[in-house]
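> Input structure: query32.txt, which contains compact mmCIF, C-alpha atoms.
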# COMPACT_ATOMS: atom_id res chain seq x y z
CA MET Q 1 -35.98 -50.26 25.57
CA THR Q 2 -35.48 -53.88 24.51
CA GLY Q 3 -33.47 -55.38 21.71
CA LYS Q 4 -30.65 -57.72 20.90
CA ALA Q 5 -27.06 -56.54 21.24
CA ALA Q 6 -24.62 -57.29 18.43
CA PRO Q 7 -22.16 -60.13 19.12
CA ALA Q 8 -19.21 -57.73 18.93
CA SER Q 9 -20.82 -55.49 21.58
CA ILE Q 10 -21.45 -58.50 23.83
CA ASN Q 11 -17.82 -59.56 23.52
CA GLN Q 12 -16.62 -56.07 24.43
CA ALA Q 13 -18.75 -56.14 27.58
CA LEU Q 14 -17.52 -59.63 28.50
CA ALA Q 15 -13.93 -58.53 28.00
CA ALA Q 16 -14.49 -55.61 30.38
CA VAL Q 17 -15.95 -57.94 33.04
CA THR Q 18 -13.05 -60.37 32.64
CA PHE Q 19 -10.60 -57.50 33.07
CA LEU Q 20 -12.29 -56.31 36.28
CA TYR Q 21 -12.05 -59.82 37.78
CA ALA Q 22 -8.39 -60.03 36.75
CA GLN Q 23 -7.69 -56.73 38.54
CA ALA Q 24 -9.05 -58.35 41.70
CA GLY Q 25 -6.78 -61.36 41.23
CA LEU Q 26 -9.53 -63.67 40.02
CA ARG Q 27 -9.43 -65.57 36.76
CA ILE Q 28 -12.70 -66.47 35.08
CA THR Q 29 -13.43 -68.14 31.77
CA VAL Q 30 -16.23 -66.66 29.74
CA LYS Q 31 -17.40 -68.05 26.43
CA ARG Q 32 -17.45 -65.32 23.82
CA ALA Q 33 -20.39 -64.72 21.54
CA ARG Q 34 -19.89 -65.96 18.00
CA VAL Q 35 -19.37 -63.13 15.55
CA PRO Q 36 -20.67 -64.26 12.16
CA LYS Q 37 -18.44 -63.59 9.19
CA PRO Q 38 -20.03 -61.39 6.57
CA GLY Q 39 -21.13 -63.31 3.53
CA GLU Q 40 -20.40 -62.82 -0.10
CA PRO Q 41 -20.97 -59.14 -1.03
CA ASP Q 42 -23.97 -58.48 -3.25
CA ALA Q 43 -21.95 -57.12 -6.16
CA LEU Q 44 -23.50 -56.66 -9.57
CA THR Q 45 -22.51 -59.15 -12.23
CA LYS Q 46 -20.71 -57.65 -15.19
CA THR Q 47 -23.89 -58.00 -17.27
CA GLU Q 48 -25.93 -56.20 -14.60
CA GLN Q 49 -23.28 -53.50 -14.31
CA GLY Q 50 -23.51 -52.88 -18.03
CA ARG Q 51 -27.27 -52.51 -17.80
CA VAL Q 52 -26.93 -50.09 -14.89
CA GLU Q 53 -24.41 -47.92 -16.72
CA ARG Q 54 -26.56 -47.80 -19.85
CA ALA Q 55 -29.63 -46.90 -17.78
CA ALA Q 56 -27.70 -44.14 -15.98
CA ALA Q 57 -26.53 -42.73 -19.32
CA ARG Q 58 -30.12 -42.58 -20.56
CA ARG Q 59 -31.05 -40.49 -17.52
CA GLY Q 60 -28.45 -37.86 -18.28
CA VAL Q 61 -24.86 -36.75 -17.73
CA ARG Q 62 -25.28 -35.97 -14.03
CA ASP Q 63 -26.84 -39.29 -13.07
CA ARG Q 64 -24.26 -41.18 -15.12
CA ALA Q 65 -21.50 -39.36 -13.21
CA ILE Q 66 -23.12 -40.09 -9.83
CA VAL Q 67 -23.25 -43.80 -10.62
CA ALA Q 68 -19.67 -43.69 -11.93
CA THR Q 69 -18.46 -42.13 -8.67
CA MET Q 70 -19.67 -45.21 -6.79
CA LEU Q 71 -18.78 -47.81 -9.42
CA TYR Q 72 -15.30 -46.47 -10.20
CA ALA Q 73 -14.24 -44.78 -6.94
CA GLY Q 74 -16.12 -46.87 -4.39
CA ALA Q 75 -17.68 -43.82 -2.74
CA ARG Q 76 -20.17 -44.28 0.08
CA VAL Q 77 -23.44 -42.45 -0.54
CA GLU Q 78 -22.64 -39.89 2.16
CA GLU Q 79 -19.18 -39.33 0.64
CA CYS Q 80 -20.77 -38.83 -2.75
CA GLY Q 81 -23.13 -36.26 -1.22
CA ARG Q 82 -20.28 -34.26 0.35
CA LEU Q 83 -18.37 -33.80 -2.90
CA ASP Q 84 -17.58 -30.32 -4.13
CA ALA Q 85 -16.32 -29.48 -7.59
CA ASP Q 86 -12.77 -28.91 -6.31
CA ASP Q 87 -12.68 -32.48 -4.95
CA VAL Q 88 -12.31 -33.72 -8.54
CA ALA Q 89 -8.94 -33.34 -10.28
CA LEU Q 90 -8.72 -34.39 -13.92
CA THR Q 91 -6.04 -34.14 -16.58
CA ALA Q 92 -5.78 -35.63 -20.05
CA ARG Q 93 -4.26 -38.85 -18.70
CA THR Q 94 -4.86 -38.98 -14.97
CA GLY Q 95 -7.48 -38.10 -12.41
CA HIS Q 96 -8.48 -38.58 -8.82
CA ILE Q 97 -11.30 -37.76 -6.48
CA ARG Q 98 -11.05 -36.62 -2.87
CA LEU Q 99 -13.60 -38.34 -0.64
CA HIS Q 100 -14.56 -37.04 2.80
CA GLY Q 101 -15.42 -40.03 4.94
CA LYS Q 102 -16.43 -40.63 8.52
CA GLY Q 103 -15.11 -38.14 11.04
CA ASP Q 104 -12.13 -36.28 9.63
CA GLU Q 105 -11.11 -39.09 7.29
CA VAL Q 106 -10.15 -37.88 3.82
CA ARG Q 107 -8.78 -40.17 1.13
CA THR Q 108 -7.77 -39.64 -2.45
CA VAL Q 109 -8.87 -42.31 -4.90
CA PRO Q 110 -7.49 -42.59 -8.45
CA LEU Q 111 -10.06 -42.69 -11.22
CA PRO Q 112 -9.87 -45.13 -14.14
CA PRO Q 113 -10.42 -43.77 -17.66
CA VAL Q 114 -14.18 -44.48 -17.74
CA GLY Q 115 -14.68 -42.72 -14.40
CA ARG Q 116 -12.67 -39.72 -15.60
CA GLU Q 117 -14.69 -39.58 -18.80
CA HIS Q 118 -18.06 -39.48 -17.04
CA LEU Q 119 -17.00 -36.94 -14.41
CA ALA Q 120 -15.36 -34.73 -17.04
CA ALA Q 121 -18.58 -34.76 -19.08
CA TRP Q 122 -20.55 -33.69 -16.02
CA LEU Q 123 -18.11 -30.89 -15.16
CA ASP Q 124 -18.33 -29.66 -18.76
CA GLU Q 125 -22.11 -29.43 -18.40
CA ARG Q 126 -22.16 -28.16 -14.81
CA GLY Q 127 -19.22 -25.79 -15.08
CA THR Q 128 -16.15 -25.72 -12.88
CA HIS Q 129 -17.36 -23.06 -10.42
CA ASP Q 130 -17.06 -23.76 -6.70
CA GLY Q 131 -19.83 -25.46 -4.76
CA PRO Q 132 -21.57 -28.83 -4.53
CA LEU Q 133 -20.72 -31.27 -7.28
CA TRP Q 134 -24.33 -32.43 -7.41
CA ALA Q 135 -27.19 -29.98 -7.03
CA GLY Q 136 -30.94 -30.21 -7.32
CA GLN Q 137 -33.66 -27.58 -7.29
CA ARG Q 138 -33.06 -26.90 -3.59
CA GLY Q 139 -29.29 -26.89 -3.58
CA ARG Q 140 -26.86 -29.67 -2.71
CA LEU Q 141 -28.25 -33.10 -3.54
CA THR Q 142 -28.91 -34.92 -0.27
CA ILE Q 143 -28.11 -38.53 0.61
CA SER Q 144 -31.77 -39.29 0.03
CA GLY Q 145 -31.64 -37.56 -3.34
CA ILE Q 146 -28.61 -39.57 -4.45
CA THR Q 147 -30.24 -42.77 -3.25
CA GLN Q 148 -33.33 -41.94 -5.29
CA VAL Q 149 -31.14 -41.48 -8.38
CA VAL Q 150 -29.63 -44.94 -7.89
CA LEU Q 151 -33.03 -46.52 -7.24
CA ALA Q 152 -34.40 -44.95 -10.43
CA VAL Q 153 -31.41 -46.18 -12.42
CA GLY Q 154 -31.95 -49.66 -11.00
CA GLU Q 155 -35.59 -49.64 -12.01
CA ASP Q 156 -34.65 -48.59 -15.55
CA ALA Q 157 -32.02 -51.34 -15.65
CA GLY Q 158 -34.43 -54.03 -14.48
CA ILE Q 159 -32.78 -54.27 -11.04
CA PRO Q 160 -35.42 -52.98 -8.61
CA GLY Q 161 -34.25 -51.99 -5.14
CA LEU Q 162 -30.73 -51.08 -6.28
CA ARG Q 163 -28.95 -49.15 -3.51
CA PRO Q 164 -25.70 -47.15 -3.49
CA HIS Q 165 -23.91 -49.67 -1.26
CA ARG Q 166 -24.29 -52.31 -3.97
CA LEU Q 167 -22.37 -50.12 -6.41
CA ARG Q 168 -19.61 -49.75 -3.80
CA HIS Q 169 -19.58 -53.53 -3.29
CA THR Q 170 -19.24 -53.93 -7.05
CA TYR Q 171 -16.22 -51.61 -7.10
CA ALA Q 172 -14.51 -53.61 -4.34
CA THR Q 173 -15.29 -56.92 -6.01
CA ARG Q 174 -13.85 -55.72 -9.34
CA LEU Q 175 -10.68 -54.64 -7.51
CA ARG Q 176 -10.29 -58.12 -6.07
CA GLN Q 177 -11.03 -59.76 -9.42
CA GLY Q 178 -8.37 -57.54 -10.96
CA GLY Q 179 -5.69 -58.67 -8.52
CA ALA Q 180 -5.85 -56.12 -5.69
CA ASP Q 181 -4.93 -57.47 -2.26
CA PRO Q 182 -6.96 -56.91 0.96
CA ALA Q 183 -4.75 -54.01 2.11
CA GLN Q 184 -5.22 -52.20 -1.21
CA VAL Q 185 -8.99 -52.72 -1.11
CA GLN Q 186 -9.08 -51.49 2.49
CA ALA Q 187 -7.18 -48.31 1.60
CA LEU Q 188 -9.25 -47.53 -1.48
CA LEU Q 189 -12.54 -48.08 0.37
CA GLY Q 190 -11.42 -46.13 3.44
CA GLN Q 191 -12.21 -48.99 5.80
CA ALA Q 192 -10.84 -49.06 9.34
CA SER Q 193 -10.26 -52.81 9.44
CA ILE Q 194 -8.60 -55.12 6.95
CA GLU Q 195 -11.00 -57.83 8.15
CA THR Q 196 -13.87 -55.81 6.66
CA ALA Q 197 -12.10 -55.62 3.32
CA ALA Q 198 -11.46 -59.37 3.45
CA ARG Q 199 -15.15 -60.07 2.87
CA TYR Q 200 -14.68 -59.15 -0.78
CA PHE Q 201 -12.31 -62.09 -1.11
CA ARG Q 202 -15.06 -64.63 -0.46
CA ALA Q 203 -16.04 -65.59 -3.97
CA GLY Q 204 -19.45 -67.10 -4.62
CA THR Q 205 -19.99 -70.60 -5.96
CA ALA Q 206 -20.43 -69.42 -9.55
CA GLU Q 207 -17.14 -67.56 -9.48
CA GLN Q 208 -15.36 -70.48 -7.80
CA ALA Q 209 -16.63 -72.80 -10.54
CA ALA Q 210 -15.40 -70.37 -13.21
CA VAL Q 211 -11.94 -70.26 -11.59
CA VAL Q 212 -11.73 -74.06 -11.53
CA ASP Q 213 -12.80 -74.28 -15.19
CA ARG Q 214 -10.21 -71.67 -16.18
CA VAL Q 215 -7.37 -73.28 -14.25
CA PHE Q 216 -8.01 -76.80 -15.50
CA GLU Q 217 -9.14 -76.12 -19.05
Starting from the file, give its structure as C-alpha cells.

Amino acid sequence: MTGKAAPASINQALAAVTFLYAQAGLRITVKRARVPKPGEPDALTKTEQGRVERAAARRGVRDRAIVATMLYAGARVEECGRLDADDVALTARTGHIRLHGKGDEVRTVPLPPVGREHLAAWLDERGTHDGPLWAGQRGRLTISGITQVVLAVGEDAGIPGLRPHRLRHTYATRLRQGGADPAQVQALLGQASIETAARYFRAGTAEQAAVVDRVFE
C-alpha cells in the first residue's frame, strides 16, 4: 500500500530513530518534518447561523434539537448519536448535557438558555422514557442519519454541504468571541490538546478588521 504519511507521524518515527542512536552513544541531527498549523476554522457567520436555526425549526422539533446540540454544546456527530434521554438534565434555570466521547471520555457541558429551550421542547414531544435521545424508523439515529439531518438543514438554509463539524466549529468560535480562553474551549470541546483548541483563536481577516475598527472608533 502506498500513501503519504502525516508530518506528525514522520516526526514520531524520526524521534524513535534518534533515540536508538542515542542509546548507542551516537548523536545525529535529523531535520523534522514541518507540521502545518490548522487554519481558521470554517465557522458559520452569525447571519448563516440564524438561517440554519430557522431552517432546522421548519423541519421540526427533533431536527432543531439535534442542531442545537452541536451549536450550543459543541457535540461531535458521534457524541450526538450516542446520547440517551438520561444524558440531558434540565431545570427551570439550568441544564447540562453529558457527552460520551472517544474511548471512555465523558464530559458534562452546560447548556445556554436557547439550547435548554430546544432540548426541552424535544423531550416534551419525545417523552422522558429511557432510550436513545434521537430515534428513526429503525431505532437509534445513526451517525449517517444525523449527518443527513444537518445536510438537509443546510440545503434549506442555502448552505449546501453543511456538515456537523461546522456546527461544532461555530460553537467553539462563539466561545472565543465571548471571551473564553483556550483551556476553557479545550475542556468544553473535550479535546486532548490545548494546541488543537488554539486554532479557534486564529481570527480571519474580516474579524481582525472588525476588531481594529471597534478599538479605534
> So which one's closest to Q:Val153, Q:Leu167, Q:Ala73, Q:Ala120, Q:Leu99? Using all atoms listed in the file, please.
Q:Leu167
> Could you tell me how far atom CA of Q:Arg176 sits from atom CA of Q:Arg58, in Å to one decimal place?
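Result for atom CA of Q:Arg58 versus atom CA of Q:Arg176: 29.1 Å, one decimal.
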> Considering only C-alpha atoms, return as number ranges by chain whatever protein or nucleic-acid residues lie within 8 Å of stretch 122-130 of chain Q, sequence-local ones (same chain, fewer than 4 positions apart) excluded.
Q: 61-62, 65, 84-86, 118
> Identify, on the basis of all atoms listed in the file, every residue whose closest approach to Q:Thr142 does not exceed 8 Å; exclude the query and any residue fewer than 3 positions from it along the same chain; express the result as a list in words.
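After dropping sequence-adjacent residues, the list is Gly81, Gly145 and Ile146 of chain Q.
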> In Å to one decimal, how far is atom CA of Q:Asp104 from atom CA of Q:Glu78?
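Spanning atom CA of Q:Glu78 to atom CA of Q:Asp104 is a straight-line distance of 13.4 Å.
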> To one decimal place in Å, what is the distance between atom CA of Q:Arg168 and atom CA of Q:Arg93?
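Atom CA of Q:Arg168 sits 24.0 Å away from atom CA of Q:Arg93.
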> Within 10 Å of Q:Gln148, counting all atoms listed in the file, which residues qualify if same-chain residues fewer than 6 places away don't, as number ranges by chain?
Q: 142, 154, 162-164
> So that I can see what lies close to Q:Asp181, please list as an mmCIF file with C-alpha atoms, in the frame of the given file the residues with an atom at most 9 Å from it, counting all atoms listed in the file and leaving out residues fewer than 5 positions away in the same chain.

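This is the output file result.cif:
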data_model
loop_
_atom_site.group_PDB
_atom_site.id
_atom_site.type_symbol
_atom_site.label_atom_id
_atom_site.label_comp_id
_atom_site.auth_asym_id
_atom_site.auth_seq_id
_atom_site.Cartn_x
_atom_site.Cartn_y
_atom_site.Cartn_z
ATOM 1 C CA LEU Q 175 -10.680 -54.640 -7.510
ATOM 2 C CA ARG Q 176 -10.290 -58.120 -6.070
ATOM 3 C CA GLN Q 186 -9.080 -51.490 2.490
ATOM 4 C CA ALA Q 198 -11.460 -59.370 3.450
ATOM 5 C CA PHE Q 201 -12.310 -62.090 -1.110
#
> Can you report as AutoDock Vina command-line options the centre and edge lengths in Å, to one decimal, of an axis-aligned box around the listed atoms of stretch 108-127 of chain Q padded with 5 Å on each side?

--center_x -14.8 --center_y -35.5 --center_z -10.8 --size_x 24.7 --size_y 29.3 --size_z 26.6
> Within 10 Å of stretch 44-53 of chain Q, which residues of stretch 140-184 of chain Q show up? Give each one with its shortest atom-to-atom distance in Å (one decimal) and the two atoms involved, counting all atoms listed in the file, rows by chain then rising residue number, as CSV.

residue,atom,partner,partner_atom,distance
Q:Val150,CA,Q:Val52,CA,9.1
Q:Val153,CA,Q:Val52,CA,6.4
Q:Gly154,CA,Q:Val52,CA,6.4
Q:Glu155,CA,Q:Val52,CA,9.1
Q:Asp156,CA,Q:Val52,CA,7.9
Q:Ala157,CA,Q:Val52,CA,5.3
Q:Gly158,CA,Q:Arg51,CA,8.0
Q:Ile159,CA,Q:Glu48,CA,8.0
Q:Leu162,CA,Q:Val52,CA,9.5
Q:Arg166,CA,Q:Leu44,CA,7.1
Q:Leu167,CA,Q:Leu44,CA,7.4
Q:Arg168,CA,Q:Leu44,CA,9.8
Q:His169,CA,Q:Leu44,CA,8.0
Q:Thr170,CA,Q:Leu44,CA,5.7
Q:Tyr171,CA,Q:Leu44,CA,9.2
Q:Thr173,CA,Q:Leu44,CA,9.0
Q:Arg174,CA,Q:Lys46,CA,9.2
> Measuring between all atoms listed in the file, which one of Q:Leu119, Q:Leu90, Q:Leu83, Q:Val109 shows the shortest distance to Q:Val185?
Q:Val109
